[in-house]
>>> print(open('target_5.txt').read())   # compact mmCIF, N, CA and C atoms
# COMPACT_ATOMS: atom_id res chain seq x y z
N MET A 1445 0.84 -1.17 0.00
CA MET A 1445 0.00 0.00 0.00
C MET A 1445 0.90 1.25 0.00
N ASN A 1446 0.55 2.20 -0.79
CA ASN A 1446 1.31 3.45 -0.89
C ASN A 1446 0.46 4.62 -0.44
N ASP A 1447 1.14 5.67 -0.01
CA ASP A 1447 0.48 6.92 0.35
C ASP A 1447 0.68 7.86 -0.83
N ARG A 1448 -0.36 8.26 -1.47
CA ARG A 1448 -0.24 9.04 -2.72
C ARG A 1448 0.42 10.40 -2.52
N ASP A 1449 0.49 10.90 -1.29
CA ASP A 1449 1.13 12.19 -1.02
C ASP A 1449 2.57 12.04 -0.52
N CYS A 1450 3.03 10.82 -0.36
CA CYS A 1450 4.36 10.57 0.20
C CYS A 1450 5.45 10.72 -0.87
N LEU A 1451 6.47 11.50 -0.55
CA LEU A 1451 7.60 11.73 -1.46
C LEU A 1451 8.25 10.41 -1.87
N PHE A 1452 8.54 9.54 -0.91
CA PHE A 1452 9.23 8.29 -1.24
C PHE A 1452 8.33 7.34 -2.02
N CYS A 1453 7.03 7.33 -1.75
CA CYS A 1453 6.11 6.51 -2.55
C CYS A 1453 6.11 6.98 -4.00
N LYS A 1454 6.18 8.29 -4.20
CA LYS A 1454 6.22 8.84 -5.56
C LYS A 1454 7.53 8.45 -6.26
N ILE A 1455 8.62 8.44 -5.53
CA ILE A 1455 9.91 8.01 -6.10
C ILE A 1455 9.84 6.54 -6.49
N ILE A 1456 9.32 5.70 -5.61
CA ILE A 1456 9.19 4.26 -5.89
C ILE A 1456 8.33 4.03 -7.13
N GLN A 1457 7.25 4.79 -7.27
CA GLN A 1457 6.34 4.64 -8.41
C GLN A 1457 6.91 5.21 -9.70
N GLY A 1458 7.99 6.00 -9.60
CA GLY A 1458 8.58 6.60 -10.79
C GLY A 1458 8.01 7.96 -11.13
N SER A 1459 7.13 8.51 -10.31
CA SER A 1459 6.57 9.84 -10.57
C SER A 1459 7.60 10.94 -10.36
N ILE A 1460 8.55 10.68 -9.49
CA ILE A 1460 9.65 11.61 -9.23
C ILE A 1460 10.94 10.87 -9.56
N PRO A 1461 11.79 11.45 -10.39
CA PRO A 1461 13.03 10.76 -10.77
C PRO A 1461 13.98 10.60 -9.58
N SER A 1462 14.75 9.53 -9.64
CA SER A 1462 15.75 9.28 -8.60
C SER A 1462 16.96 8.59 -9.23
N GLY A 1463 18.05 8.63 -8.52
CA GLY A 1463 19.24 7.92 -8.95
C GLY A 1463 19.21 6.51 -8.38
N LYS A 1464 18.41 5.66 -9.00
CA LYS A 1464 18.22 4.30 -8.49
C LYS A 1464 19.55 3.55 -8.45
N ILE A 1465 19.75 2.84 -7.34
CA ILE A 1465 20.92 1.97 -7.19
C ILE A 1465 20.51 0.52 -7.39
N ILE A 1466 19.46 0.13 -6.69
CA ILE A 1466 19.00 -1.27 -6.76
C ILE A 1466 17.56 -1.31 -6.25
N GLU A 1467 16.81 -2.30 -6.71
CA GLU A 1467 15.48 -2.55 -6.16
C GLU A 1467 15.19 -4.02 -6.23
N ASP A 1468 14.31 -4.46 -5.36
CA ASP A 1468 13.79 -5.82 -5.41
C ASP A 1468 12.29 -5.76 -5.15
N ASP A 1469 11.68 -6.87 -4.87
CA ASP A 1469 10.23 -6.87 -4.70
C ASP A 1469 9.77 -6.12 -3.46
N MET A 1470 10.64 -5.94 -2.45
CA MET A 1470 10.23 -5.29 -1.21
C MET A 1470 10.87 -3.93 -0.96
N THR A 1471 11.99 -3.62 -1.64
CA THR A 1471 12.74 -2.41 -1.31
C THR A 1471 13.19 -1.66 -2.56
N TYR A 1472 13.56 -0.42 -2.34
CA TYR A 1472 14.07 0.45 -3.40
C TYR A 1472 15.20 1.29 -2.79
N ALA A 1473 16.33 1.36 -3.46
CA ALA A 1473 17.48 2.14 -2.98
C ALA A 1473 17.89 3.16 -4.03
N PHE A 1474 18.20 4.38 -3.55
CA PHE A 1474 18.57 5.45 -4.47
C PHE A 1474 19.52 6.41 -3.77
N HIS A 1475 20.20 7.22 -4.56
CA HIS A 1475 21.15 8.20 -4.04
C HIS A 1475 20.41 9.36 -3.37
N ASP A 1476 20.91 9.78 -2.21
CA ASP A 1476 20.34 10.92 -1.50
C ASP A 1476 20.62 12.19 -2.30
N ILE A 1477 19.65 13.09 -2.41
CA ILE A 1477 19.86 14.32 -3.19
C ILE A 1477 20.67 15.35 -2.43
N SER A 1478 20.89 15.14 -1.14
CA SER A 1478 21.69 16.05 -0.34
C SER A 1478 22.69 15.22 0.48
N PRO A 1479 23.68 14.62 -0.21
CA PRO A 1479 24.56 13.66 0.46
C PRO A 1479 25.40 14.28 1.58
N GLN A 1480 25.56 13.49 2.64
CA GLN A 1480 26.37 13.89 3.79
C GLN A 1480 27.75 13.25 3.77
N ALA A 1481 28.02 12.44 2.76
CA ALA A 1481 29.30 11.75 2.57
C ALA A 1481 29.42 11.42 1.09
N PRO A 1482 30.61 10.99 0.64
CA PRO A 1482 30.75 10.64 -0.78
C PRO A 1482 29.73 9.61 -1.26
N ILE A 1483 29.40 8.65 -0.42
CA ILE A 1483 28.32 7.70 -0.73
C ILE A 1483 27.24 7.91 0.31
N HIS A 1484 26.06 8.25 -0.16
CA HIS A 1484 24.91 8.45 0.74
C HIS A 1484 23.67 7.99 -0.02
N ALA A 1485 23.18 6.83 0.36
CA ALA A 1485 22.01 6.25 -0.29
C ALA A 1485 20.88 6.13 0.70
N LEU A 1486 19.68 6.06 0.17
CA LEU A 1486 18.50 5.81 0.98
C LEU A 1486 17.90 4.47 0.56
N VAL A 1487 17.52 3.69 1.54
CA VAL A 1487 16.85 2.41 1.30
C VAL A 1487 15.47 2.52 1.92
N VAL A 1488 14.44 2.28 1.12
CA VAL A 1488 13.06 2.39 1.59
C VAL A 1488 12.29 1.12 1.25
N PRO A 1489 11.36 0.74 2.12
CA PRO A 1489 10.46 -0.35 1.74
C PRO A 1489 9.45 0.16 0.72
N LYS A 1490 9.06 -0.71 -0.19
CA LYS A 1490 8.07 -0.30 -1.19
C LYS A 1490 6.68 -0.11 -0.58
N GLU A 1491 6.41 -0.83 0.46
CA GLU A 1491 5.13 -0.64 1.17
C GLU A 1491 5.28 0.55 2.11
N HIS A 1492 4.31 1.42 2.10
CA HIS A 1492 4.39 2.61 2.94
C HIS A 1492 4.14 2.26 4.40
N VAL A 1493 5.15 2.53 5.22
CA VAL A 1493 5.01 2.56 6.67
C VAL A 1493 5.73 3.82 7.12
N SER A 1494 5.21 4.46 8.14
CA SER A 1494 5.73 5.76 8.53
C SER A 1494 7.10 5.72 9.19
N ASN A 1495 7.35 4.69 10.00
CA ASN A 1495 8.60 4.67 10.74
C ASN A 1495 8.94 3.26 11.20
N LEU A 1496 10.06 3.13 11.88
CA LEU A 1496 10.54 1.82 12.30
C LEU A 1496 9.57 1.13 13.25
N SER A 1497 8.94 1.88 14.12
CA SER A 1497 7.98 1.28 15.07
C SER A 1497 6.84 0.57 14.34
N GLU A 1498 6.39 1.14 13.23
CA GLU A 1498 5.33 0.51 12.44
C GLU A 1498 5.85 -0.68 11.65
N ALA A 1499 7.09 -0.66 11.26
CA ALA A 1499 7.65 -1.68 10.37
C ALA A 1499 7.88 -3.01 11.05
N VAL A 1500 8.11 -3.01 12.35
CA VAL A 1500 8.44 -4.27 13.02
C VAL A 1500 7.30 -5.28 12.94
N ASP A 1501 6.10 -4.83 12.73
CA ASP A 1501 4.95 -5.73 12.62
C ASP A 1501 4.68 -6.17 11.18
N HIS A 1502 5.50 -5.72 10.24
CA HIS A 1502 5.34 -6.11 8.84
C HIS A 1502 6.32 -7.23 8.53
N ASN A 1503 5.81 -8.34 8.11
CA ASN A 1503 6.57 -9.56 7.92
C ASN A 1503 7.82 -9.36 7.05
N GLY A 1504 8.97 -9.35 7.68
CA GLY A 1504 10.24 -9.33 6.96
C GLY A 1504 10.66 -7.98 6.40
N MET A 1505 9.92 -6.92 6.65
CA MET A 1505 10.24 -5.62 6.05
C MET A 1505 11.60 -5.09 6.49
N VAL A 1506 11.87 -5.10 7.77
CA VAL A 1506 13.13 -4.55 8.26
C VAL A 1506 14.29 -5.42 7.78
N GLU A 1507 14.13 -6.72 7.80
CA GLU A 1507 15.17 -7.62 7.31
C GLU A 1507 15.45 -7.37 5.83
N ALA A 1508 14.41 -7.18 5.03
CA ALA A 1508 14.59 -6.89 3.61
C ALA A 1508 15.35 -5.59 3.42
N CYS A 1509 15.04 -4.58 4.21
CA CYS A 1509 15.76 -3.31 4.13
C CYS A 1509 17.23 -3.49 4.48
N MET A 1510 17.52 -4.29 5.50
CA MET A 1510 18.91 -4.52 5.89
C MET A 1510 19.67 -5.26 4.79
N ARG A 1511 19.03 -6.22 4.15
CA ARG A 1511 19.67 -6.91 3.01
C ARG A 1511 20.00 -5.92 1.90
N THR A 1512 19.07 -5.01 1.63
CA THR A 1512 19.31 -4.01 0.58
C THR A 1512 20.39 -3.04 1.00
N CYS A 1513 20.44 -2.64 2.27
CA CYS A 1513 21.53 -1.77 2.75
C CYS A 1513 22.88 -2.44 2.50
N THR A 1514 22.97 -3.72 2.81
CA THR A 1514 24.22 -4.47 2.59
C THR A 1514 24.56 -4.54 1.11
N ALA A 1515 23.55 -4.75 0.27
CA ALA A 1515 23.78 -4.79 -1.18
C ALA A 1515 24.26 -3.44 -1.70
N VAL A 1516 23.68 -2.35 -1.19
CA VAL A 1516 24.12 -1.00 -1.58
C VAL A 1516 25.59 -0.80 -1.21
N ALA A 1517 25.96 -1.22 -0.01
CA ALA A 1517 27.36 -1.09 0.42
C ALA A 1517 28.28 -1.87 -0.50
N GLU A 1518 27.89 -3.05 -0.90
CA GLU A 1518 28.70 -3.86 -1.82
C GLU A 1518 28.77 -3.21 -3.21
N LEU A 1519 27.63 -2.77 -3.73
CA LEU A 1519 27.59 -2.18 -5.07
C LEU A 1519 28.39 -0.88 -5.16
N THR A 1520 28.44 -0.13 -4.07
CA THR A 1520 29.16 1.15 -4.08
C THR A 1520 30.60 1.01 -3.59
N GLY A 1521 30.98 -0.18 -3.13
CA GLY A 1521 32.35 -0.44 -2.70
C GLY A 1521 32.68 -0.02 -1.28
N ILE A 1522 31.71 0.49 -0.54
CA ILE A 1522 32.03 0.94 0.82
C ILE A 1522 32.04 -0.21 1.82
N ASN A 1523 31.65 -1.39 1.39
CA ASN A 1523 31.71 -2.54 2.29
C ASN A 1523 33.15 -2.89 2.65
N GLN A 1524 34.10 -2.47 1.84
CA GLN A 1524 35.51 -2.76 2.08
C GLN A 1524 36.11 -1.89 3.19
N THR A 1525 35.66 -0.66 3.31
CA THR A 1525 36.26 0.28 4.27
C THR A 1525 35.35 0.61 5.44
N GLY A 1526 34.08 0.35 5.31
CA GLY A 1526 33.13 0.59 6.39
C GLY A 1526 32.05 1.59 6.01
N TYR A 1527 30.93 1.46 6.66
CA TYR A 1527 29.79 2.32 6.37
C TYR A 1527 28.88 2.38 7.59
N ARG A 1528 27.98 3.31 7.55
CA ARG A 1528 27.02 3.51 8.63
C ARG A 1528 25.61 3.38 8.07
N ILE A 1529 24.74 2.73 8.85
CA ILE A 1529 23.32 2.66 8.52
C ILE A 1529 22.58 3.40 9.62
N VAL A 1530 21.75 4.38 9.22
CA VAL A 1530 21.04 5.22 10.19
C VAL A 1530 19.57 5.28 9.79
N THR A 1531 18.70 5.25 10.80
CA THR A 1531 17.30 5.55 10.56
C THR A 1531 16.80 6.44 11.69
N ASN A 1532 15.92 7.32 11.35
CA ASN A 1532 15.26 8.18 12.33
C ASN A 1532 13.81 7.72 12.40
N SER A 1533 13.26 7.71 13.60
CA SER A 1533 11.90 7.21 13.77
C SER A 1533 11.08 8.19 14.60
N GLY A 1534 10.24 8.95 13.92
CA GLY A 1534 9.35 9.88 14.60
C GLY A 1534 9.87 11.30 14.66
N PRO A 1535 9.01 12.22 15.07
CA PRO A 1535 9.33 13.66 15.02
C PRO A 1535 10.50 14.08 15.90
N ASP A 1536 10.66 13.50 17.08
CA ASP A 1536 11.77 13.91 17.95
C ASP A 1536 13.13 13.51 17.39
N SER A 1537 13.16 12.59 16.45
CA SER A 1537 14.42 12.18 15.82
C SER A 1537 14.75 13.02 14.60
N CYS A 1538 13.85 13.96 14.26
CA CYS A 1538 13.98 14.79 13.05
C CYS A 1538 13.83 13.96 11.79
N GLN A 1539 12.94 12.97 11.83
CA GLN A 1539 12.64 12.20 10.62
C GLN A 1539 12.04 13.15 9.60
N SER A 1540 12.71 13.31 8.47
CA SER A 1540 12.32 14.33 7.50
C SER A 1540 11.18 13.90 6.58
N VAL A 1541 11.07 12.62 6.29
CA VAL A 1541 10.00 12.11 5.44
C VAL A 1541 9.31 10.98 6.21
N PRO A 1542 8.00 11.07 6.40
CA PRO A 1542 7.31 10.04 7.17
C PRO A 1542 7.06 8.75 6.39
N HIS A 1543 8.14 8.19 5.90
CA HIS A 1543 8.16 6.88 5.24
C HIS A 1543 9.46 6.25 5.73
N LEU A 1544 9.39 5.07 6.31
CA LEU A 1544 10.59 4.43 6.83
C LEU A 1544 11.71 4.47 5.80
N HIS A 1545 12.89 4.90 6.21
CA HIS A 1545 14.04 4.89 5.32
C HIS A 1545 15.32 4.75 6.12
N PHE A 1546 16.28 4.11 5.50
CA PHE A 1546 17.58 3.90 6.09
C PHE A 1546 18.62 4.62 5.24
N HIS A 1547 19.50 5.36 5.89
CA HIS A 1547 20.61 6.02 5.22
C HIS A 1547 21.80 5.06 5.24
N VAL A 1548 22.42 4.85 4.10
CA VAL A 1548 23.66 4.08 4.01
C VAL A 1548 24.73 5.10 3.64
N ILE A 1549 25.67 5.30 4.55
CA ILE A 1549 26.62 6.40 4.42
C ILE A 1549 28.04 5.87 4.53
N GLY A 1550 28.92 6.31 3.63
CA GLY A 1550 30.32 5.89 3.68
C GLY A 1550 31.13 6.55 2.59
N GLY A 1551 32.28 5.98 2.33
CA GLY A 1551 33.14 6.49 1.28
C GLY A 1551 34.20 7.47 1.80
N ALA A 1552 34.20 7.70 3.11
CA ALA A 1552 35.18 8.59 3.75
C ALA A 1552 35.16 8.25 5.24
N LEU A 1553 36.17 8.72 5.94
CA LEU A 1553 36.18 8.55 7.40
C LEU A 1553 35.06 9.39 7.98
N LEU A 1554 34.13 8.74 8.66
CA LEU A 1554 32.97 9.42 9.23
C LEU A 1554 33.30 9.93 10.63
N SER A 1555 32.57 10.91 11.05
CA SER A 1555 32.71 11.45 12.40
C SER A 1555 32.39 10.36 13.42
N ASP A 1556 33.08 10.40 14.54
CA ASP A 1556 32.75 9.42 15.59
C ASP A 1556 31.58 9.90 16.44
N ARG A 1557 31.04 11.07 16.13
CA ARG A 1557 29.85 11.58 16.81
C ARG A 1557 28.62 11.05 16.11
N MET A 1558 27.64 10.69 16.87
CA MET A 1558 26.41 10.16 16.29
C MET A 1558 25.35 11.24 16.11
N GLY A 1559 25.54 12.41 16.63
CA GLY A 1559 24.51 13.44 16.53
C GLY A 1559 24.99 14.70 15.89
>>> encode(input="target_5.txt", output="structure tokens")
Amino acid sequence: MNDRDCLFCKIIQGSIPSGKIIEDDMTYAFHDISPQAPIHALVVPKEHVSNLSEAVDHNGMVEACMRTCTAVAELTGINQTGYRIVTNSGPDSCQSVPHLHFHVIGGALLSDRMG
């Protein structure tokens, strides 16, 4: 199920162009338009869920996203040197788009600060 007003649902449907990296039956990965590192990708489930708390009740959704995050790291070569996977869940985390998404970040030495 998709939310017709959701930015990421529109990207998944192809209504908004993206720099697709990989997709499968459950997930879609694309380059972030405002990268925070040389490699910065977003991995989203194709089914619309607002955040991580909602996703845990969806059969295999989080696991599928993690598999895609790992595939993105391999495809972009950052699996050799290291990468970070980040998700924000809810308004206090500054989640910018209310569709579950994981940031895969790498390609340079990252800050040891998490915030």
>>> closest_atom_pairs(input="target_5.txt", of="stretch 1490-1540 of chain A", to="stretch 1453-1466 of chain A", cutoff="9 Å", atoms="only C-alpha atoms", output="Markdown table")
| residue | atom | partner | partner_atom | distance |
| --- | --- | --- | --- | --- |
| A:Lys1490 | CA | A:Ile1456 | CA | 6.6 |
| A:Glu1491 | CA | A:Cys1453 | CA | 8.1 |
| A:His1492 | CA | A:Cys1453 | CA | 7.0 |
| A:Thr1512 | CA | A:Ile1466 | CA | 7.8 |
| A:Ala1515 | CA | A:Ile1466 | CA | 8.1 |
| A:Val1516 | CA | A:Ile1465 | CA | 7.1 |
| A:Leu1519 | CA | A:Ile1465 | CA | 8.1 |
| A:Thr1520 | CA | A:Ile1465 | CA | 8.8 |
>>> closest_atom_pairs(input="target_5.txt", of="stretch 1446-1486 of chain A", to="stretch 1542-1548 of chain A", cutoff="6 Å", atoms="only N, CA and C atoms", output="Markdown table")
| residue | atom | partner | partner_atom | distance |
| --- | --- | --- | --- | --- |
| A:Ile1483 | C | A:Val1548 | C | 5.0 |
| A:His1484 | CA | A:Val1548 | C | 4.4 |
| A:Ala1485 | C | A:Val1548 | N | 3.9 |
| A:Leu1486 | CA | A:Phe1546 | C | 4.4 |
>>> write_last_selection(input="target_5.txt", atoms="N, CA and C atoms", output="PDB file, in the frame of the given file")
ATOM      1  N   ILE A1483      29.400   8.650  -0.420  1.00  0.00           N
ATOM      2  CA  ILE A1483      28.320   7.700  -0.730  1.00  0.00           C
ATOM      3  C   ILE A1483      27.240   7.910   0.310  1.00  0.00           C
ATOM      4  N   HIS A1484      26.060   8.250  -0.160  1.00  0.00           N
ATOM      5  CA  HIS A1484      24.910   8.450   0.740  1.00  0.00           C
ATOM      6  C   HIS A1484      23.670   7.990  -0.020  1.00  0.00           C
ATOM      7  N   ALA A1485      23.180   6.830   0.360  1.00  0.00           N
ATOM      8  CA  ALA A1485      22.010   6.250  -0.290  1.00  0.00           C
ATOM      9  C   ALA A1485      20.880   6.130   0.700  1.00  0.00           C
ATOM     10  N   LEU A1486      19.680   6.060   0.170  1.00  0.00           N
ATOM     11  CA  LEU A1486      18.500   5.810   0.980  1.00  0.00           C
ATOM     12  C   LEU A1486      17.900   4.470   0.560  1.00  0.00           C
TER      13      LEU A1486
END
>>> residues_around(input="target_5.txt", residues="A:Val1541", least_positions_apart="5", cutoff="8 Å", atoms="all atoms listed in the file", output="MDAnalysis selection string")
chainID A and resid 1450:1452 1494:1495
>>> write_last_selection(input="target_5.txt", atoms="N, CA and C atoms", output="mmCIF file, keeping the file's coordinate frame")
data_model
loop_
_atom_site.group_PDB
_atom_site.id
_atom_site.type_symbol
_atom_site.label_atom_id
_atom_site.label_comp_id
_atom_site.auth_asym_id
_atom_site.auth_seq_id
_atom_site.Cartn_x
_atom_site.Cartn_y
_atom_site.Cartn_z
ATOM 1 N N CYS A 1450 3.030 10.820 -0.360
ATOM 2 C CA CYS A 1450 4.360 10.570 0.200
ATOM 3 C C CYS A 1450 5.450 10.720 -0.870
ATOM 4 N N LEU A 1451 6.470 11.500 -0.550
ATOM 5 C CA LEU A 1451 7.600 11.730 -1.460
ATOM 6 C C LEU A 1451 8.250 10.410 -1.870
ATOM 7 N N PHE A 1452 8.540 9.540 -0.910
ATOM 8 C CA PHE A 1452 9.230 8.290 -1.240
ATOM 9 C C PHE A 1452 8.330 7.340 -2.020
ATOM 10 N N SER A 1494 5.210 4.460 8.140
ATOM 11 C CA SER A 1494 5.730 5.760 8.530
ATOM 12 C C SER A 1494 7.100 5.720 9.190
ATOM 13 N N ASN A 1495 7.350 4.690 10.000
ATOM 14 C CA ASN A 1495 8.600 4.670 10.740
ATOM 15 C C ASN A 1495 8.940 3.260 11.200
#
>>> atom_distance(input="target_5.txt", atom1="atom N of A:Ile1529", atom2="atom N of A:Asp1469")
21.2 Å
>>> select_by_dssp(input="target_5.txt", residues="chain A", states="alpha helix (DSSP H)", output="list in words")
Leu1451, Phe1452, Cys1453, Lys1454, Ile1455, Ile1456, Gln1457, Leu1496, Ser1497, Glu1498, Ala1499, Met1505, Val1506, Glu1507, Ala1508, Cys1509, Met1510, Arg1511, Thr1512, Cys1513, Thr1514, Ala1515, Val1516, Ala1517, Glu1518, Leu1519 and Thr1520 of chain A
>>> atom_distance(input="target_5.txt", atom1="atom N of A:Gln1524", atom2="atom CA of A:Gly1551")
9.0 Å
>>> atom_distance(input="target_5.txt", atom1="atom C of A:Val1488", atom2="atom C of A:Cys1538")
16.7 Å
>>> axis_aligned_box(input="target_5.txt", around="stretch 1464-1480 of chain A", padding_each_side="5 Å", output="lines of an AutoDock Vina configuration file")
center_x = 18.8
center_y = 4.6
center_z = -2.6
size_x = 28.0
size_y = 32.9
size_z = 22.8
>>> closest_residue(input="target_5.txt", among="A:Gly1550, A:Pro1489, A:Pro1479, A:Gly1534", to="A:Asn1503", atoms="only C-alpha atoms")
A:Pro1489
>>> select_by_dssp(input="target_5.txt", residues="stretch 1450-1554 of chain A", states="strand (DSSP E or B)", output="number ranges by chain")
A: 1464-1467, 1471-1475, 1483-1489, 1527-1530, 1546-1550
>>> closest_residue(input="target_5.txt", among="A:Asp1468, A:His1475, A:Tyr1527, A:His1502", to="A:Ser1555", atoms="only C-alpha atoms")
A:Tyr1527
>>> decode(input="target_5.txt", residues="stretch 1451-1469 of chain A", atoms="N, CA and C atoms", output="PDB file, in the first residue's frame")
ATOM      1  N   LEU A1451       6.471  11.499  -0.551  1.00  0.00           N
ATOM      2  CA  LEU A1451       7.599  11.726  -1.457  1.00  0.00           C
ATOM      3  C   LEU A1451       8.253  10.412  -1.874  1.00  0.00           C
ATOM      4  N   PHE A1452       8.539   9.540  -0.913  1.00  0.00           N
ATOM      5  CA  PHE A1452       9.227   8.292  -1.243  1.00  0.00           C
ATOM      6  C   PHE A1452       8.329   7.336  -2.017  1.00  0.00           C
ATOM      7  N   CYS A1453       7.033   7.329  -1.749  1.00  0.00           N
ATOM      8  CA  CYS A1453       6.113   6.510  -2.550  1.00  0.00           C
ATOM      9  C   CYS A1453       6.111   6.979  -4.005  1.00  0.00           C
ATOM     10  N   LYS A1454       6.177   8.292  -4.201  1.00  0.00           N
ATOM     11  CA  LYS A1454       6.224   8.836  -5.564  1.00  0.00           C
ATOM     12  C   LYS A1454       7.530   8.446  -6.262  1.00  0.00           C
ATOM     13  N   ILE A1455       8.624   8.436  -5.527  1.00  0.00           N
ATOM     14  CA  ILE A1455       9.908   8.008  -6.099  1.00  0.00           C
ATOM     15  C   ILE A1455       9.838   6.538  -6.488  1.00  0.00           C
ATOM     16  N   ILE A1456       9.323   5.699  -5.610  1.00  0.00           N
ATOM     17  CA  ILE A1456       9.193   4.262  -5.893  1.00  0.00           C
ATOM     18  C   ILE A1456       8.335   4.028  -7.128  1.00  0.00           C
ATOM     19  N   GLN A1457       7.252   4.788  -7.269  1.00  0.00           N
ATOM     20  CA  GLN A1457       6.339   4.638  -8.414  1.00  0.00           C
ATOM     21  C   GLN A1457       6.914   5.211  -9.701  1.00  0.00           C
ATOM     22  N   GLY A1458       7.986   5.999  -9.600  1.00  0.00           N
ATOM     23  CA  GLY A1458       8.580   6.602 -10.785  1.00  0.00           C
ATOM     24  C   GLY A1458       8.013   7.959 -11.133  1.00  0.00           C
ATOM     25  N   SER A1459       7.132   8.514 -10.313  1.00  0.00           N
ATOM     26  CA  SER A1459       6.571   9.837 -10.566  1.00  0.00           C
ATOM     27  C   SER A1459       7.601  10.938 -10.360  1.00  0.00           C
ATOM     28  N   ILE A1460       8.554  10.682  -9.486  1.00  0.00           N
ATOM     29  CA  ILE A1460       9.652  11.610  -9.228  1.00  0.00           C
ATOM     30  C   ILE A1460      10.942  10.866  -9.564  1.00  0.00           C
ATOM     31  N   PRO A1461      11.791  11.455 -10.393  1.00  0.00           N
ATOM     32  CA  PRO A1461      13.028  10.760 -10.769  1.00  0.00           C
ATOM     33  C   PRO A1461      13.977  10.601  -9.581  1.00  0.00           C
ATOM     34  N   SER A1462      14.754   9.534  -9.641  1.00  0.00           N
ATOM     35  CA  SER A1462      15.750   9.281  -8.603  1.00  0.00           C
ATOM     36  C   SER A1462      16.955   8.595  -9.231  1.00  0.00           C
ATOM     37  N   GLY A1463      18.047   8.632  -8.517  1.00  0.00           N
ATOM     38  CA  GLY A1463      19.240   7.917  -8.949  1.00  0.00           C
ATOM     39  C   GLY A1463      19.213   6.513  -8.381  1.00  0.00           C
ATOM     40  N   LYS A1464      18.413   5.657  -9.000  1.00  0.00           N
ATOM     41  CA  LYS A1464      18.224   4.299  -8.489  1.00  0.00           C
ATOM     42  C   LYS A1464      19.546   3.546  -8.447  1.00  0.00           C
ATOM     43  N   ILE A1465      19.747   2.839  -7.343  1.00  0.00           N
ATOM     44  CA  ILE A1465      20.915   1.974  -7.189  1.00  0.00           C
ATOM     45  C   ILE A1465      20.511   0.525  -7.387  1.00  0.00           C
ATOM     46  N   ILE A1466      19.457   0.129  -6.689  1.00  0.00           N
ATOM     47  CA  ILE A1466      18.996  -1.266  -6.756  1.00  0.00           C
ATOM     48  C   ILE A1466      17.559  -1.309  -6.254  1.00  0.00           C
ATOM     49  N   GLU A1467      16.815  -2.304  -6.713  1.00  0.00           N
ATOM     50  CA  GLU A1467      15.485  -2.549  -6.160  1.00  0.00           C
ATOM     51  C   GLU A1467      15.188  -4.024  -6.233  1.00  0.00           C
ATOM     52  N   ASP A1468      14.306  -4.463  -5.361  1.00  0.00           N
ATOM     53  CA  ASP A1468      13.792  -5.817  -5.413  1.00  0.00           C
ATOM     54  C   ASP A1468      12.293  -5.756  -5.147  1.00  0.00           C
ATOM     55  N   ASP A1469      11.683  -6.873  -4.873  1.00  0.00           N
ATOM     56  CA  ASP A1469      10.232  -6.866  -4.703  1.00  0.00           C
ATOM     57  C   ASP A1469       9.767  -6.122  -3.457  1.00  0.00           C
TER      58      ASP A1469
END
